[in-house]
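What follows is the content of coords-v8.cif (mmCIF, C-alpha atoms).
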```
data_structure
#
loop_
_atom_site.label_atom_id
_atom_site.label_comp_id
_atom_site.auth_asym_id
_atom_site.auth_seq_id
_atom_site.Cartn_x
_atom_site.Cartn_y
_atom_site.Cartn_z
CA MET H 21 -8.07 -1.32 22.56
CA PRO H 22 -5.09 -0.28 24.74
CA ASP H 23 -1.72 -1.90 24.16
CA THR H 24 -1.96 -3.76 27.49
CA LEU H 25 -4.72 -5.94 26.03
CA LEU H 26 -2.69 -7.00 23.01
CA LEU H 27 -1.28 -10.49 22.88
CA ARG H 28 2.39 -10.49 23.80
CA VAL H 29 4.77 -11.19 20.93
CA PRO H 30 8.48 -11.61 21.74
CA SER H 31 10.79 -9.25 19.91
CA MET H 32 11.80 -10.55 16.50
CA LYS H 33 14.85 -8.29 16.28
CA ASP H 34 17.38 -11.00 17.17
CA ARG H 35 15.44 -13.82 15.49
CA VAL H 36 15.51 -12.54 11.90
CA SER H 37 18.15 -11.15 9.57
CA PRO H 38 19.07 -7.44 9.84
CA GLU H 39 17.51 -6.94 6.41
CA GLU H 40 14.21 -8.46 7.48
CA TRP H 41 14.18 -6.45 10.70
CA ARG H 42 14.68 -3.23 8.76
CA MET H 43 11.78 -4.19 6.51
CA ARG H 44 9.64 -5.01 9.52
CA VAL H 45 10.33 -1.60 11.06
CA ASP H 46 9.52 0.21 7.82
CA LEU H 47 6.34 -1.78 7.26
CA ALA H 48 5.13 -1.25 10.83
CA ALA H 49 5.80 2.47 10.37
CA CYS H 50 3.76 2.42 7.18
CA TYR H 51 0.79 0.91 9.01
CA ARG H 52 1.03 3.51 11.77
CA LEU H 53 1.26 6.34 9.24
CA ALA H 54 -1.70 4.99 7.28
CA ALA H 55 -3.72 5.10 10.51
CA ARG H 56 -2.50 8.62 11.22
CA TYR H 57 -3.59 9.80 7.77
CA GLY H 58 -6.98 8.11 8.07
CA TRP H 59 -6.45 5.56 5.29
CA VAL H 60 -8.01 2.76 7.30
CA ASP H 61 -11.07 0.51 7.11
CA LEU H 62 -11.09 -1.06 10.60
CA ILE H 63 -9.34 -4.43 10.11
CA GLY H 64 -9.83 -4.43 6.33
CA THR H 65 -7.13 -3.78 3.70
CA HIS H 66 -3.47 -4.63 3.95
CA ILE H 67 0.06 -3.44 3.30
CA SER H 68 2.56 -6.20 2.54
CA ALA H 69 6.30 -6.39 2.00
CA ARG H 70 8.46 -9.07 0.43
CA VAL H 71 11.55 -10.43 2.18
CA ALA H 72 14.14 -12.94 1.02
CA ALA H 73 13.92 -16.56 2.15
CA PRO H 74 16.88 -18.90 2.79
CA ASP H 75 15.81 -21.22 -0.04
CA GLY H 76 15.87 -18.41 -2.58
CA GLN H 77 12.10 -18.08 -2.60
CA HIS H 78 10.16 -15.09 -1.32
CA HIS H 79 8.31 -14.66 1.94
CA PHE H 80 5.95 -11.85 2.86
CA LEU H 81 5.17 -9.72 5.89
CA ILE H 82 1.59 -8.64 6.56
CA ASN H 83 -0.49 -7.29 9.43
CA PRO H 84 -1.90 -9.57 12.14
CA HIS H 85 -5.51 -10.25 11.21
CA GLY H 86 -7.88 -8.56 13.65
CA LEU H 87 -5.61 -5.73 14.80
CA LEU H 88 -6.10 -2.12 13.86
CA PHE H 89 -3.32 -0.47 11.88
CA GLN H 90 -2.26 1.60 14.91
CA GLN H 91 -1.61 -1.63 16.83
CA VAL H 92 0.88 -3.09 14.35
CA THR H 93 4.49 -3.44 15.48
CA ALA H 94 7.64 -4.69 13.80
CA SER H 95 7.49 -7.92 15.81
CA ASN H 96 3.79 -8.76 15.52
CA LEU H 97 3.82 -8.63 11.72
CA VAL H 98 3.09 -12.12 10.40
CA LYS H 99 5.42 -13.84 7.93
CA ILE H 100 3.62 -15.89 5.28
CA ASP H 101 4.32 -17.74 2.03
CA GLN H 102 2.79 -16.98 -1.37
CA ASP H 103 -0.36 -18.92 -0.41
CA GLY H 104 -0.87 -16.93 2.79
CA ARG H 105 0.27 -19.66 5.19
CA LYS H 106 2.11 -18.67 8.38
CA LEU H 107 5.83 -19.43 8.45
CA GLN H 108 6.63 -18.41 12.02
CA GLU H 109 5.01 -19.03 15.37
CA SER H 110 2.63 -16.21 16.21
CA PRO H 111 -0.50 -15.81 18.32
CA TYR H 112 -2.00 -13.98 15.37
CA ALA H 113 -3.28 -15.29 12.05
CA ALA H 114 -2.88 -13.83 8.60
CA ASN H 115 -5.86 -13.38 6.30
CA PRO H 116 -5.22 -15.61 3.25
CA ALA H 117 -8.15 -14.13 1.33
CA GLY H 118 -6.82 -10.63 1.87
CA PHE H 119 -3.39 -11.65 0.61
CA VAL H 120 -4.73 -12.78 -2.79
CA ILE H 121 -4.53 -9.21 -4.09
CA HIS H 122 -1.01 -8.74 -2.78
CA SER H 123 0.36 -12.09 -3.93
CA ALA H 124 -0.85 -11.39 -7.46
CA ILE H 125 1.40 -8.34 -7.62
CA HIS H 126 4.37 -9.64 -5.63
CA MET H 127 4.61 -12.84 -7.68
CA ARG H 128 4.52 -11.15 -11.07
CA HIS H 129 6.36 -7.88 -10.48
CA GLU H 130 9.91 -8.25 -9.20
CA GLU H 131 10.19 -4.58 -8.21
CA ALA H 132 6.97 -4.66 -6.19
CA ILE H 133 8.67 -5.04 -2.82
CA CYS H 134 5.77 -3.34 -1.03
CA VAL H 135 2.08 -3.48 -2.00
CA PHE H 136 -0.31 -1.00 -0.37
CA HIS H 137 -4.09 -1.45 -0.73
CA SER H 138 -6.67 1.00 0.66
CA HIS H 139 -10.42 1.57 0.87
CA THR H 140 -10.51 5.31 1.53
CA VAL H 141 -13.68 7.31 0.87
CA ALA H 142 -12.02 9.44 -1.80
CA GLY H 143 -10.33 6.44 -3.42
CA MET H 144 -13.55 4.46 -3.52
CA GLY H 145 -15.39 7.54 -4.78
CA VAL H 146 -13.11 7.95 -7.78
CA SER H 147 -13.08 4.18 -8.40
CA MET H 148 -16.88 4.37 -8.77
CA GLN H 149 -16.72 7.03 -11.49
CA GLU H 150 -16.87 5.95 -15.11
CA GLU H 151 -13.95 8.17 -16.17
CA GLY H 152 -11.79 7.28 -13.18
CA LEU H 153 -9.07 9.73 -12.22
CA LEU H 154 -9.41 13.02 -14.09
CA MET H 155 -6.26 14.81 -15.21
CA ALA H 156 -7.39 17.97 -13.45
CA SER H 157 -4.82 18.50 -10.69
CA GLN H 158 -1.06 18.39 -10.40
CA HIS H 159 -1.34 15.34 -8.16
CA ALA H 160 -3.46 13.55 -10.74
CA ALA H 161 -1.03 14.49 -13.52
CA PHE H 162 1.71 12.52 -11.78
CA PHE H 163 -0.28 9.44 -12.83
CA PHE H 164 -0.46 10.34 -16.52
CA GLY H 165 0.72 7.13 -18.19
CA ASN H 166 1.43 5.69 -14.74
CA LEU H 167 -1.95 4.25 -13.73
CA GLY H 168 -3.81 1.01 -14.41
CA TYR H 169 -7.45 0.01 -13.85
CA HIS H 170 -8.88 -3.30 -12.66
CA ASP H 171 -12.51 -4.43 -12.62
CA ILE H 172 -13.75 -5.75 -9.29
CA GLU H 173 -15.65 -8.55 -11.03
CA HIS H 174 -12.39 -10.47 -11.43
CA MET H 175 -12.04 -10.74 -7.64
CA GLU H 176 -14.74 -13.41 -7.68
CA SER H 177 -12.15 -15.74 -9.19
CA GLY H 178 -9.99 -15.54 -6.07
CA ILE H 179 -6.57 -17.07 -6.61
CA GLU H 180 -7.48 -17.92 -10.20
CA GLY H 181 -7.94 -14.22 -10.94
CA ARG H 182 -4.47 -13.14 -9.83
CA ASP H 183 -3.04 -13.06 -13.35
CA ILE H 184 -5.70 -10.59 -14.50
CA LEU H 185 -4.91 -8.27 -11.59
CA ALA H 186 -1.17 -8.40 -12.27
CA ASN H 187 -1.74 -7.79 -15.98
CA ASP H 188 -3.98 -4.79 -15.28
CA LEU H 189 -1.25 -3.21 -13.16
CA GLY H 190 1.17 -3.73 -16.05
CA VAL H 191 4.27 -1.58 -15.83
CA HIS H 192 2.61 0.92 -13.51
CA ARG H 193 3.06 1.38 -9.77
CA ALA H 194 -0.53 2.41 -9.11
CA LEU H 195 -3.90 0.84 -9.80
CA ILE H 196 -7.50 1.94 -9.36
CA MET H 197 -9.62 -1.09 -8.56
CA ARG H 198 -13.00 -0.08 -9.94
CA ASN H 199 -15.82 0.08 -7.39
CA HIS H 200 -13.30 -1.01 -4.77
CA GLY H 201 -10.31 1.18 -3.90
CA LEU H 202 -6.68 1.98 -4.60
CA LEU H 203 -3.45 0.01 -4.82
CA THR H 204 0.15 1.16 -5.07
CA THR H 205 3.48 -0.63 -5.21
CA GLY H 206 7.00 0.42 -4.43
CA ARG H 207 10.60 -0.67 -4.69
CA THR H 208 10.67 0.33 -1.03
CA VAL H 209 7.99 0.76 1.61
CA ALA H 210 8.67 4.48 1.42
CA GLU H 211 7.95 4.60 -2.31
CA ALA H 212 4.66 2.69 -1.98
CA PHE H 213 3.62 5.13 0.77
CA GLN H 214 4.62 8.18 -1.28
CA ILE H 215 2.66 7.01 -4.31
CA MET H 216 -0.40 6.22 -2.18
CA HIS H 217 -0.17 9.66 -0.58
CA THR H 218 -0.09 11.32 -4.00
CA LEU H 219 -2.92 9.18 -5.41
CA GLU H 220 -5.09 9.70 -2.35
CA ARG H 221 -4.66 13.47 -2.55
CA ALA H 222 -5.47 13.40 -6.27
CA CYS H 223 -8.69 11.50 -5.53
CA SER H 224 -9.59 13.78 -2.62
CA ALA H 225 -9.03 16.88 -4.75
CA GLN H 226 -11.20 15.46 -7.52
CA ILE H 227 -14.10 14.67 -5.18
CA ALA H 228 -13.78 18.13 -3.58
CA ALA H 229 -13.78 19.89 -6.96
CA GLN H 230 -16.79 17.93 -8.20
CA SER H 231 -18.73 18.70 -5.03
CA GLY H 232 -18.51 22.42 -5.83
CA GLY H 233 -20.88 21.97 -8.74
CA SER H 234 -18.76 23.79 -11.34
CA ARG H 235 -17.28 22.18 -14.43
CA VAL H 236 -13.87 20.68 -13.68
CA ARG H 237 -11.06 22.17 -15.77
CA ARG H 238 -8.67 19.53 -17.09
CA MET H 239 -4.98 19.91 -17.87
CA SER H 240 -3.50 19.44 -21.31
CA ASP H 241 -1.92 16.12 -22.28
CA LYS H 242 1.37 17.94 -22.86
CA THR H 243 1.44 19.30 -19.32
CA CYS H 244 0.32 15.99 -17.82
CA ALA H 245 2.97 14.11 -19.77
CA TRP H 246 5.68 16.29 -18.19
CA PHE H 247 4.39 15.55 -14.69
CA GLY H 248 4.05 11.84 -15.47
CA GLU H 249 7.64 11.63 -16.65
CA PHE H 250 8.83 13.57 -13.62
CA ALA H 251 7.08 11.10 -11.34
CA ARG H 252 8.70 8.10 -13.05
CA LYS H 253 12.15 9.58 -12.55
CA ALA H 254 11.88 11.24 -9.13
CA THR H 255 9.46 9.27 -6.95
CA LEU H 256 12.02 6.93 -5.39
CA GLU H 257 14.42 9.71 -4.35
CA ARG H 258 11.63 12.00 -3.12
CA SER H 259 10.02 9.19 -1.14
CA ASP H 260 13.28 8.44 0.68
CA MET H 261 13.63 12.08 1.69
CA ALA H 262 10.06 12.29 3.00
CA TRP H 263 10.32 8.91 4.73
CA ARG H 264 13.16 10.04 6.98
CA SER H 265 11.04 12.92 8.24
CA LEU H 266 7.97 10.73 8.65
CA LEU H 267 9.93 8.24 10.76
CA ALA H 268 11.19 11.07 12.91
CA THR H 269 7.61 12.09 13.73
CA LEU H 270 6.77 8.50 14.72
CA GLU H 271 9.86 8.32 16.88
CA GLU H 272 8.62 11.32 18.83
CA SER H 273 4.97 10.29 19.24
CA GLU H 274 4.70 6.49 19.07
CA PRO H 275 8.11 4.78 19.15
CA GLY H 276 6.43 1.48 20.09
CA TYR H 277 6.00 0.68 16.40
CA LYS H 278 9.60 -0.59 16.48
CA ASP H 279 8.94 -3.12 19.24
#
```

Any chance you could give the structure as structure tokens?
Amino acid sequence: MPDTLLLRVPSMKDRVSPEEWRMRVDLAACYRLAARYGWVDLIGTHISARVAAPDGQHHFLINPHGLLFQQVTASNLVKIDQDGRKLQESPYAANPAGFVIHSAIHMRHEEAICVFHSHTVAGMGVSMQEEGLLMASQHAAFFFGNLGYHDIEHMESGIEGRDILANDLGVHRALIMRNHGLLTTGRTVAEAFQIMHTLERACSAQIAAQSGGSRVRRMSDKTCAWFGEFARKATLERSDMAWRSLLATLEESEPGYKD
């Protein structure tokens, strides 16, 4: 659908705090980049970000329900509360059911500023495997000791199942939702994107290796432990460096994400 058919949303730049606007720009960029990398499922899945509220509570930004990721802009992001209810006038709705996964993490993990959920083919493929992510590539090793697992059966509980999801994430920043997909969190939008990029490549490499028919060679726990510790210490700094370059590519090709 061309941009001319989208519902007009007035710019939010002068209607929100500078901090919220910066978050809106980063989150819109994340949606556009997810589309560019092919991590999309039509209008399914979400990326959310938490912003401060005047009353000391937390509000959340999420994509307008019904738009493709490549149609998200900083201004058409929808602001909602922890129950998924809209807090600002917008021609678009949020998807409360889709926000259940995100609210579970945001509400229990203070550092989870951004929550990124995907249904990629590789991510779903690994989530369907009994052993989950194999420690057989460098990208997978970054998740040694840094990855949780969650059974899809708990999603039937809806809001009542949020505690189980948050507990399964634990202290990690990445989660494989069995038979479902992937989830990452970040102290910044950039960090959540970086971790998803690494996890997605680990899953893609695993599926590619298994498709060759040969036995997959795994790495030693000692080697994986080194990579896992490196990831815990360096992901935030590395994500900031990559993010600046990623934003520069968007600025050249689709600057409308900042509208």

* To do: Go through H:Ala132, H:Cys244, H:Leu27, H:Ile100 one by one, measure the shortest atom-to-atom distance of each to Pro116 in chain H using all atoms listed in the file, and give the residue with the smallest value.
  =>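 So, comparing all the options, the nearest one is H:Ile100.
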
* Exactly which residues make up the result of the PyMOL selection byres ((chain H and resi 203) around 8) on this file, given as number ranges by chain? -> H: 135-138, 194-197, 201-202, 204-205, 216

* Take the point (-6.8, 7.1, -8.1) in the file's coordinates, draw a sphere of radius 10 Å around it, and report as a ChimeraX atom specification every protein, DNA or RNA residue with an atom inside or on it, counting all atoms listed in the file. => /H:142-147,152-154,159-160,163,167-169,194-198,201-204,216,218-224,226

* What is the CA of Asn83 in chain H to CA of Ile67 in chain H distance in Å? ->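 Spanning CA of Asn83 in chain H to CA of Ile67 in chain H is a straight-line distance of 7.3 Å.
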
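Coordinates place CA of Met127 in chain H at a distance of 27.5 Å from CA of Lys278 in chain H.
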
As lines of an AutoDock Vina configuration file, please: the centre and edge lengths in Å, to one decimal, of an axis-aligned box enclosing every listed atom of range 61-76 of chain H with 6 Å added on each side.
```
center_x = 2.9
center_y = -10.4
center_z = 4.0
size_x = 40.0
size_y = 33.7
size_z = 25.2
```

* Asked: Contacts of Leu267 in chain H at 10 Å or less, counting all atoms listed in the file, minus same-chain residues fewer than 4 places along, as a PyMOL selection string?
  -> chain H and resi 45-46+49-50+53+262-263+271-272+274-275

* Run the PyMOL selection byres ((chain H and resi 119) around 9) on the file and write out the hits as a list of chain:residue names. =>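 Selection result, ordered by chain and number: H:His66, H:Ser68, H:Ile82, H:Gln102, H:Asp103, H:Gly104, H:Ala114, H:Asn115, H:Pro116, H:Ala117, H:Gly118, H:Val120, H:Ile121, H:His122, H:Ser123, H:Ala124.
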
* Take CA of Pro30 in chain H and CA of Arg52 in chain H and report the distance between them in Å, one decimal. =>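 Straight-line distance from CA of Pro30 in chain H to CA of Arg52 in chain H works out to 19.6 Å.
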
* Test item: residues at most 6 Å from Thr93 in chain H, only C-alpha atoms, excluding those fewer than 4 positions along its chain, as a list in words ->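 These residues fall inside the cut-off: Ala48, Tyr277, Lys278 and Asp279 of chain H.
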
Restricting the output to C-alpha atoms, write the selected residues as a CSV table (one decimal), in the frame of the given file.
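So the final result, stored in part.csv, reads:
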```
chain,number,residue,atom,x,y,z
H,48,ALA,CA,5.1,-1.2,10.8
H,277,TYR,CA,6.0,0.7,16.4
H,278,LYS,CA,9.6,-0.6,16.5
H,279,ASP,CA,8.9,-3.1,19.2
```

* Expected residue set, 6 Å radius at (-7.3, 3.4, 2.4), all atoms listed in the file, as a PyMOL selection string -> chain H and resi 59-60+138-140

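Restricting the calculation to only C-alpha atoms, the smallest distance between Pro84 in chain H and any of H:Leu97, H:Ala186, H:Met148, H:Ile227 is found for H:Leu97.
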
* Starting from the shown file, work through the PyMOL selection byres ((chain H and resi 252) around 10) and note down what comes out as a list in words. => Phe162, Phe163, Gly165, Asn166, His192, Arg193, Phe247, Gly248, Glu249, Phe250, Ala251, Lys253, Ala254, Thr255 and Leu256 of chain H

* Asked: Of the residues H:Gln149, H:Asn199, H:Thr208, H:Ser95, which is the one nearest to Asp260 in chain H, using all atoms listed in the file?
  ->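 Among the listed residues, H:Thr208 lies closest to Asp260 in chain H.
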
* Pick from H:Arg105, H:Arg258, H:Arg56, H:Arg237 nearest to Gln158 in chain H, counting all atoms listed in the file -> H:Arg237

* To do: Rank H:Glu131, H:Glu39, H:Asp183, H:Asp241 by their smallest atom-to-atom distance to Ala161 in chain H, using only C-alpha atoms, and report the top residue only.
  => H:Asp241

* H:His129, H:Arg70, H:Arg264, H:His85: which is nearest Ser110 in chain H, counting all atoms listed in the file? ->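 Residue with the minimum atom-to-atom distance to Ser110 in chain H: H:His85.
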
* Asked: Tyr51 in chain H: which residues within 7 Å, counting all atoms listed in the file, same-chain residues fewer than 3 positions away excluded, as a PyMOL selection string?
  -> chain H and resi 47-48+54-55+89-90+92

Write out N, CA and C atoms for range 88-106 of chain H, as a PDB file, in the coordinates of the input.
```pdb
ATOM      1  N   LEU H  88      -6.030  -3.378  14.585  1.00  0.00           N
ATOM      2  CA  LEU H  88      -6.100  -2.120  13.860  1.00  0.00           C
ATOM      3  C   LEU H  88      -4.699  -1.717  13.416  1.00  0.00           C
ATOM      4  N   PHE H  89      -4.624  -0.865  12.404  1.00  0.00           N
ATOM      5  CA  PHE H  89      -3.320  -0.470  11.880  1.00  0.00           C
ATOM      6  C   PHE H  89      -2.445   0.173  12.965  1.00  0.00           C
ATOM      7  N   GLN H  90      -3.055   0.918  13.884  1.00  0.00           N
ATOM      8  CA  GLN H  90      -2.260   1.600  14.910  1.00  0.00           C
ATOM      9  C   GLN H  90      -1.740   0.646  15.972  1.00  0.00           C
ATOM     10  N   GLN H  91      -2.095  -0.637  15.882  1.00  0.00           N
ATOM     11  CA  GLN H  91      -1.610  -1.630  16.830  1.00  0.00           C
ATOM     12  C   GLN H  91      -0.518  -2.519  16.245  1.00  0.00           C
ATOM     13  N   VAL H  92      -0.144  -2.275  15.007  1.00  0.00           N
ATOM     14  CA  VAL H  92       0.880  -3.090  14.350  1.00  0.00           C
ATOM     15  C   VAL H  92       2.262  -2.680  14.850  1.00  0.00           C
ATOM     16  N   THR H  93       3.101  -3.677  15.114  1.00  0.00           N
ATOM     17  CA  THR H  93       4.490  -3.440  15.480  1.00  0.00           C
ATOM     18  C   THR H  93       5.401  -4.259  14.572  1.00  0.00           C
ATOM     19  N   ALA H  94       6.683  -3.955  14.637  1.00  0.00           N
ATOM     20  CA  ALA H  94       7.640  -4.690  13.800  1.00  0.00           C
ATOM     21  C   ALA H  94       7.641  -6.181  14.144  1.00  0.00           C
ATOM     22  N   SER H  95       7.426  -6.523  15.403  1.00  0.00           N
ATOM     23  CA  SER H  95       7.490  -7.920  15.810  1.00  0.00           C
ATOM     24  C   SER H  95       6.188  -8.684  15.611  1.00  0.00           C
ATOM     25  N   ASN H  96       5.028  -8.000  15.687  1.00  0.00           N
ATOM     26  CA  ASN H  96       3.790  -8.760  15.520  1.00  0.00           C
ATOM     27  C   ASN H  96       3.338  -8.907  14.074  1.00  0.00           C
ATOM     28  N   LEU H  97       4.084  -8.334  13.129  1.00  0.00           N
ATOM     29  CA  LEU H  97       3.820  -8.630  11.720  1.00  0.00           C
ATOM     30  C   LEU H  97       3.961 -10.125  11.497  1.00  0.00           C
ATOM     31  N   VAL H  98       3.114 -10.681  10.643  1.00  0.00           N
ATOM     32  CA  VAL H  98       3.090 -12.120  10.400  1.00  0.00           C
ATOM     33  C   VAL H  98       3.822 -12.425   9.090  1.00  0.00           C
ATOM     34  N   LYS H  99       4.713 -13.426   9.140  1.00  0.00           N
ATOM     35  CA  LYS H  99       5.420 -13.840   7.930  1.00  0.00           C
ATOM     36  C   LYS H  99       4.663 -15.007   7.289  1.00  0.00           C
ATOM     37  N   ILE H 100       4.396 -14.891   5.999  1.00  0.00           N
ATOM     38  CA  ILE H 100       3.620 -15.890   5.280  1.00  0.00           C
ATOM     39  C   ILE H 100       4.292 -16.254   3.965  1.00  0.00           C
ATOM     40  N   ASP H 101       3.832 -17.370   3.356  1.00  0.00           N
ATOM     41  CA  ASP H 101       4.320 -17.740   2.030  1.00  0.00           C
ATOM     42  C   ASP H 101       3.369 -17.196   0.980  1.00  0.00           C
ATOM     43  N   GLN H 102       3.586 -17.558  -0.295  1.00  0.00           N
ATOM     44  CA  GLN H 102       2.790 -16.980  -1.370  1.00  0.00           C
ATOM     45  C   GLN H 102       1.330 -17.435  -1.342  1.00  0.00           C
ATOM     46  N   ASP H 103       1.020 -18.457  -0.551  1.00  0.00           N
ATOM     47  CA  ASP H 103      -0.360 -18.920  -0.410  1.00  0.00           C
ATOM     48  C   ASP H 103      -1.020 -18.405   0.863  1.00  0.00           C
ATOM     49  N   GLY H 104      -0.305 -17.518   1.594  1.00  0.00           N
ATOM     50  CA  GLY H 104      -0.870 -16.930   2.790  1.00  0.00           C
ATOM     51  C   GLY H 104      -0.743 -17.763   4.044  1.00  0.00           C
ATOM     52  N   ARG H 105       0.094 -18.792   4.015  1.00  0.00           N
ATOM     53  CA  ARG H 105       0.270 -19.660   5.190  1.00  0.00           C
ATOM     54  C   ARG H 105       1.374 -19.119   6.101  1.00  0.00           C
ATOM     55  N   LYS H 106       1.135 -19.177   7.423  1.00  0.00           N
ATOM     56  CA  LYS H 106       2.110 -18.670   8.380  1.00  0.00           C
ATOM     57  C   LYS H 106       3.401 -19.487   8.340  1.00  0.00           C
TER      58      LYS H 106
END
```
